[in-house]
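Q: Provided below: work-v3.cif, containing mmCIF, C-alpha atoms.
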data_query
loop_
_atom_site.label_atom_id
_atom_site.label_comp_id
_atom_site.auth_asym_id
_atom_site.auth_seq_id
_atom_site.Cartn_x
_atom_site.Cartn_y
_atom_site.Cartn_z
CA MET S 1 -10.26 10.68 23.91
CA VAL S 2 -10.76 13.51 21.43
CA LEU S 3 -8.21 13.57 18.62
CA PRO S 4 -6.91 16.81 17.08
CA VAL S 5 -8.64 18.15 14.00
CA THR S 6 -7.50 16.64 10.70
CA HIS S 7 -5.17 19.00 8.86
CA LEU S 8 -5.51 18.74 5.08
CA VAL S 9 -2.57 20.19 3.14
CA ILE S 10 -3.08 20.50 -0.61
CA TYR S 11 -0.12 21.16 -2.89
CA GLY S 12 -1.58 22.65 -6.07
CA GLY S 13 -4.02 25.28 -7.19
CA ASN S 14 -6.04 24.04 -10.14
CA TYR S 15 -9.83 24.20 -10.34
CA ASP S 16 -10.26 20.72 -8.86
CA ILE S 17 -8.98 21.65 -5.39
CA HIS S 18 -11.98 23.90 -4.69
CA PRO S 19 -14.53 21.10 -4.05
CA LEU S 20 -12.05 19.33 -1.78
CA VAL S 21 -11.39 22.49 0.24
CA ARG S 22 -15.14 23.08 0.58
CA ILE S 23 -15.79 19.49 1.72
CA ALA S 24 -12.90 19.65 4.20
CA ARG S 25 -14.30 22.90 5.60
CA GLU S 26 -17.74 21.29 6.04
CA LEU S 27 -16.05 18.44 7.90
CA GLY S 28 -14.38 20.91 10.25
CA TRP S 29 -10.89 20.12 9.00
CA ASP S 30 -8.05 22.62 9.05
CA THR S 31 -6.97 23.27 5.43
CA THR S 32 -3.77 24.67 4.01
CA VAL S 33 -3.28 25.23 0.29
CA VAL S 34 0.29 25.54 -0.94
CA THR S 35 0.17 27.14 -4.37
CA ASN S 36 1.45 29.86 -6.66
CA MET S 37 -0.06 32.91 -4.98
CA ALA S 38 -0.01 34.93 -8.21
CA LYS S 39 -2.31 32.35 -9.83
CA ALA S 40 -4.42 31.51 -6.77
CA ASP S 41 -8.15 31.96 -7.12
CA LYS S 42 -9.21 34.54 -4.54
CA SER S 43 -11.99 32.26 -3.26
CA LEU S 44 -9.32 30.01 -1.73
CA PHE S 45 -8.59 32.71 0.82
CA ALA S 46 -12.21 32.57 2.00
CA THR S 47 -12.68 28.79 2.05
CA SER S 48 -9.32 27.46 3.27
CA THR S 49 -7.79 28.05 6.67
CA ARG S 50 -4.59 29.35 5.10
CA VAL S 51 -2.94 29.77 1.72
CA MET S 52 0.84 29.65 1.39
CA HIS S 53 3.09 30.51 -1.52
CA ASN S 54 4.73 27.45 -3.03
CA LYS S 55 7.97 29.41 -3.50
CA GLY S 56 7.87 31.06 -0.07
CA THR S 57 9.91 30.30 3.02
CA GLU S 58 6.89 29.46 5.20
CA GLU S 59 6.05 25.76 5.42
CA PRO S 60 2.83 24.19 6.70
CA VAL S 61 2.95 22.51 10.10
CA ILE S 62 2.64 18.81 9.39
CA ASP S 63 2.15 16.12 12.03
CA GLN S 64 0.63 12.65 12.33
CA TYR S 65 -2.87 14.19 12.05
CA SER S 66 -2.08 15.70 8.65
CA ALA S 67 -3.26 14.42 5.29
CA LEU S 68 -1.28 15.69 2.30
CA LEU S 69 -2.45 15.78 -1.30
CA LEU S 70 -0.21 16.37 -4.28
CA MET S 71 -2.50 17.98 -6.84
CA ALA S 72 -0.27 20.16 -9.02
CA HIS S 73 -1.11 18.12 -12.14
CA ASP S 74 2.51 18.58 -13.16
CA TYR S 75 4.78 15.54 -12.86
CA LYS S 76 7.92 17.51 -12.00
CA THR S 77 6.16 19.58 -9.32
CA ASP S 78 4.36 16.62 -7.77
CA PHE S 79 7.59 14.57 -7.81
CA SER S 80 9.48 17.38 -6.08
CA ASN S 81 6.71 17.73 -3.50
CA LEU S 82 6.65 13.96 -2.92
CA GLN S 83 10.36 13.99 -2.13
CA LYS S 84 9.79 16.81 0.34
CA VAL S 85 6.73 15.37 2.13
CA LEU S 86 8.16 11.88 2.61
CA SER S 87 10.29 13.31 5.42
CA THR S 88 7.21 14.58 7.30
CA LYS S 89 5.11 12.75 9.90
CA ALA S 90 1.94 12.94 7.78
CA ALA S 91 -0.23 9.84 8.14
CA TYR S 92 -1.67 10.16 4.63
CA ILE S 93 0.06 11.22 1.40
CA GLY S 94 -2.27 11.18 -1.60
CA LEU S 95 -1.34 11.55 -5.25
CA LEU S 96 -3.83 12.25 -8.01
CA GLY S 97 -3.55 10.64 -11.37
CA PRO S 98 -3.02 7.17 -12.76
CA ARG S 99 -1.21 4.47 -10.79
CA LEU S 100 1.52 4.37 -13.46
CA ARG S 101 2.37 8.02 -12.79
CA SER S 102 2.95 7.41 -9.07
CA GLU S 103 4.86 4.19 -9.79
CA LYS S 104 7.10 6.20 -12.12
CA MET S 105 7.82 8.59 -9.23
CA LEU S 106 8.61 5.77 -6.80
CA ASN S 107 10.85 4.08 -9.38
CA ALA S 108 12.66 7.38 -10.03
CA LEU S 109 13.34 7.78 -6.30
CA GLU S 110 14.77 4.25 -6.18
CA ALA S 111 16.90 4.87 -9.28
CA ASP S 112 18.27 8.01 -7.58
CA GLY S 113 19.34 5.91 -4.60
CA HIS S 114 16.40 6.94 -2.40
CA PRO S 115 14.13 3.89 -2.26
CA VAL S 116 10.82 4.44 -0.50
CA SER S 117 10.60 2.41 2.70
CA GLU S 118 7.69 0.05 3.34
CA GLU S 119 6.58 2.37 6.14
CA ASN S 120 6.40 5.29 3.70
CA ARG S 121 4.65 3.16 1.08
CA GLN S 122 1.90 2.50 3.63
CA ARG S 123 1.32 6.28 3.89
CA ILE S 124 1.12 6.80 0.12
CA PHE S 125 -2.34 6.53 -1.45
CA ALA S 126 -2.00 6.53 -5.20
CA PRO S 127 -4.31 7.05 -6.85
CA ALA S 128 -5.97 8.92 -3.99
CA GLY S 129 -9.59 8.22 -3.13
CA LEU S 130 -12.06 5.42 -2.60
CA ASP S 131 -13.48 3.56 -5.59
CA ILE S 132 -16.96 5.10 -5.78
CA GLY S 133 -17.03 5.63 -9.54
CA ALA S 134 -16.07 9.29 -9.18
CA ALA S 135 -15.84 11.26 -12.43
CA THR S 136 -16.36 14.95 -11.65
CA PRO S 137 -14.08 17.11 -9.46
CA GLU S 138 -16.79 17.12 -6.77
CA GLU S 139 -17.12 13.32 -6.79
CA ILE S 140 -13.34 12.90 -6.75
CA ALA S 141 -13.14 15.28 -3.79
CA LEU S 142 -15.78 13.22 -1.99
CA SER S 143 -13.87 9.98 -2.64
CA ILE S 144 -10.61 11.51 -1.37
CA ALA S 145 -12.20 13.00 1.76
CA ALA S 146 -13.88 9.66 2.50
CA GLU S 147 -10.57 7.80 2.10
CA ILE S 148 -8.78 10.25 4.41
CA ARG S 149 -11.53 9.92 7.03
CA SER S 150 -11.52 6.12 6.84
CA HIS S 151 -7.72 6.03 7.10
CA PHE S 152 -7.66 8.20 10.23
CA ALA S 153 -10.49 6.11 11.72
CA GLY S 154 -8.62 2.87 11.00
CA ARG S 155 -11.42 1.64 8.76
CA GLN S 156 -11.46 0.04 5.31
CA GLY S 157 -14.03 2.35 3.75
CA MET S 158 -16.50 -0.39 2.90
CA SER S 159 -20.28 -0.35 2.71
CA LEU S 160 -21.88 -0.27 6.18
CA ARG S 161 -24.21 -3.11 5.18
CA LEU S 162 -21.14 -5.37 5.06
CA ARG S 163 -20.00 -4.40 8.56
CA ARG S 164 -20.61 -6.89 11.36
CA GLY S 165 -21.76 -5.52 14.70
CA THR S 166 -22.31 -1.91 15.61
CA ILE S 167 -21.47 0.74 13.01
CA TYR S 168 -19.88 3.00 15.62
CA GLY S 169 -17.59 0.53 17.38
CA ASN S 170 -14.05 -0.45 16.58
#
Any chance you could give the structure as structure tokens?
A:
Amino acid sequence: MVLPVTHLVIYGGNYDIHPLVRIARELGWDTTVVTNMAKADKSLFATSTRVMHNKGTEEPVIDQYSALLLMAHDYKTDFSNLQKVLSTKAAYIGLLGPRLRSEKMLNALEADGHPVSEENRQRIFAPAGLDIGAATPEEIALSIAAEIRSHFAGRQGMSLRLRRGTIYGN
């Protein structure tokens, strides 16, 4: 069975989204960037599948094959986007930044009377990415793309030398 293409939706527009969009494109993923169009780097229009205005009426199509990343680098914006995307069917919701920042968001939702269900907590990856010692935007993009791929494949993202049996099997 061939699964649909992974759809990566990035909320943000800072310099660090560019390596992730390029990696996603190389992987054959569909990419949507939701950002302030007035501030969007023109190269995004060439590398991503689509760019949408964060204040527009158009919304990205999000289903169970979608991976969402909140990368605005602004607490208020990322918190607002988190509230919005929790109601989607996305299988992966990633947040950049320290664990304390995302815990603050989850605690704020609970304090507002909107506790995050265990099912939703399983979709939230915060901080986003695999622990590969990433430091640069390119390395962070690699760690996030690898985590998304491993999540959709139902894998743990461990070293292949630790895997028992065939590397291609379930």
Q: Apply the PyMOL selection byres ((chain S and resi 87-96) around 10) to the displayed file and report the matching residues as a PyMOL selection string.
A: chain S and resi 7-11+61-73+78-79+82-86+97-99+101-102+120-129+140+144+147-148+151-152
Q: For the structure shown, which residues end up in the PyMOL selection byres ((chain S and resi 47) around 12)? Put them as a list of chain:residue names, please?
A: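 Evaluating the PyMOL selection byres ((chain S and resi 47) around 12) on these coordinates yields S:Ile17, S:His18, S:Pro19, S:Leu20, S:Val21, S:Arg22, S:Ile23, S:Ala24, S:Arg25, S:Glu26, S:Gly28, S:Trp29, S:Asp30, S:Thr31, S:Thr32, S:Val33, S:Asp41, S:Lys42, S:Ser43, S:Leu44, S:Phe45, S:Ala46, S:Ser48, S:Thr49, S:Arg50, S:Val51.
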Q: Keeping only C-alpha atoms, write the selected residues to a file as a PDB file, in the frame of the given file.
A:
ATOM      1  CA  ILE S  17      -8.980  21.650  -5.390  1.00  0.00           C
ATOM      2  CA  HIS S  18     -11.980  23.900  -4.690  1.00  0.00           C
ATOM      3  CA  PRO S  19     -14.530  21.100  -4.050  1.00  0.00           C
ATOM      4  CA  LEU S  20     -12.050  19.330  -1.780  1.00  0.00           C
ATOM      5  CA  VAL S  21     -11.390  22.490   0.240  1.00  0.00           C
ATOM      6  CA  ARG S  22     -15.140  23.080   0.580  1.00  0.00           C
ATOM      7  CA  ILE S  23     -15.790  19.490   1.720  1.00  0.00           C
ATOM      8  CA  ALA S  24     -12.900  19.650   4.200  1.00  0.00           C
ATOM      9  CA  ARG S  25     -14.300  22.900   5.600  1.00  0.00           C
ATOM     10  CA  GLU S  26     -17.740  21.290   6.040  1.00  0.00           C
ATOM     11  CA  GLY S  28     -14.380  20.910  10.250  1.00  0.00           C
ATOM     12  CA  TRP S  29     -10.890  20.120   9.000  1.00  0.00           C
ATOM     13  CA  ASP S  30      -8.050  22.620   9.050  1.00  0.00           C
ATOM     14  CA  THR S  31      -6.970  23.270   5.430  1.00  0.00           C
ATOM     15  CA  THR S  32      -3.770  24.670   4.010  1.00  0.00           C
ATOM     16  CA  VAL S  33      -3.280  25.230   0.290  1.00  0.00           C
ATOM     17  CA  ASP S  41      -8.150  31.960  -7.120  1.00  0.00           C
ATOM     18  CA  LYS S  42      -9.210  34.540  -4.540  1.00  0.00           C
ATOM     19  CA  SER S  43     -11.990  32.260  -3.260  1.00  0.00           C
ATOM     20  CA  LEU S  44      -9.320  30.010  -1.730  1.00  0.00           C
ATOM     21  CA  PHE S  45      -8.590  32.710   0.820  1.00  0.00           C
ATOM     22  CA  ALA S  46     -12.210  32.570   2.000  1.00  0.00           C
ATOM     23  CA  SER S  48      -9.320  27.460   3.270  1.00  0.00           C
ATOM     24  CA  THR S  49      -7.790  28.050   6.670  1.00  0.00           C
ATOM     25  CA  ARG S  50      -4.590  29.350   5.100  1.00  0.00           C
ATOM     26  CA  VAL S  51      -2.940  29.770   1.720  1.00  0.00           C
TER      27      VAL S  51
END
Q: Would you mind telling me which residue in S:Gly56, S:Ala108, S:Pro137, S:Gly13 lies nearest to Thr35 (chain S) when using all atoms listed in the file?
A: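 Smallest distance to Thr35 (chain S) is found for S:Gly13.
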Q: Take CA of Thr166 (chain S) and CA of Arg149 (chain S) and report the distance between them in Å, one decimal.
A: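 Pair CA of Thr166 (chain S) / CA of Arg149 (chain S) returns 18.2 Å.
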Q: Quick one, how far is CA of Arg161 (chain S) from CA of Asp131 (chain S)?
A: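 CA of Asp131 (chain S) lies at a distance of 16.6 Å from CA of Arg161 (chain S).
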Q: From the list S:Leu3, S:Ala111, S:Ser150, S:Met52, which residue is nearest Lys39 (chain S) when using only C-alpha atoms?
A: S:Met52
Q: Find, counting all atoms listed in the file, the residue in S:Asp16, S:Tyr75, S:Glu118, S:Ile167 that gets nearest to Lys104 (chain S).
A: S:Tyr75
Q: Taking all atoms listed in the file into account, name the residue in S:Thr77, S:Arg163, S:Pro4, S:Gly12 that is nearest to His53 (chain S).
A: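 Nearest candidate to His53 (chain S) out of S:Thr77, S:Arg163, S:Pro4, S:Gly12: S:Gly12.
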Q: First collect every listed atom of region 93-101 of chain S; then fit an axis-aligned box around them, widen it by 4 Å on each side, and give centre and edge lengths in Å to one decimal, as lines of an AutoDock Vina configuration file.
A:
center_x = -0.7
center_y = 8.3
center_z = -6.0
size_x = 14.2
size_y = 15.9
size_z = 22.9
Q: What does the structure give for the distance between CA of Ala145 (chain S) and CA of Ser159 (chain S), in Å to one decimal?
A: 15.6 Å
Q: Please list as a ChimeraX atom specification every residue within 12 Å of Tyr168 (chain S), counting all atoms listed in the file and excluding residues in the same chain fewer than 5 positions away.
A: /S:153,155,160,163
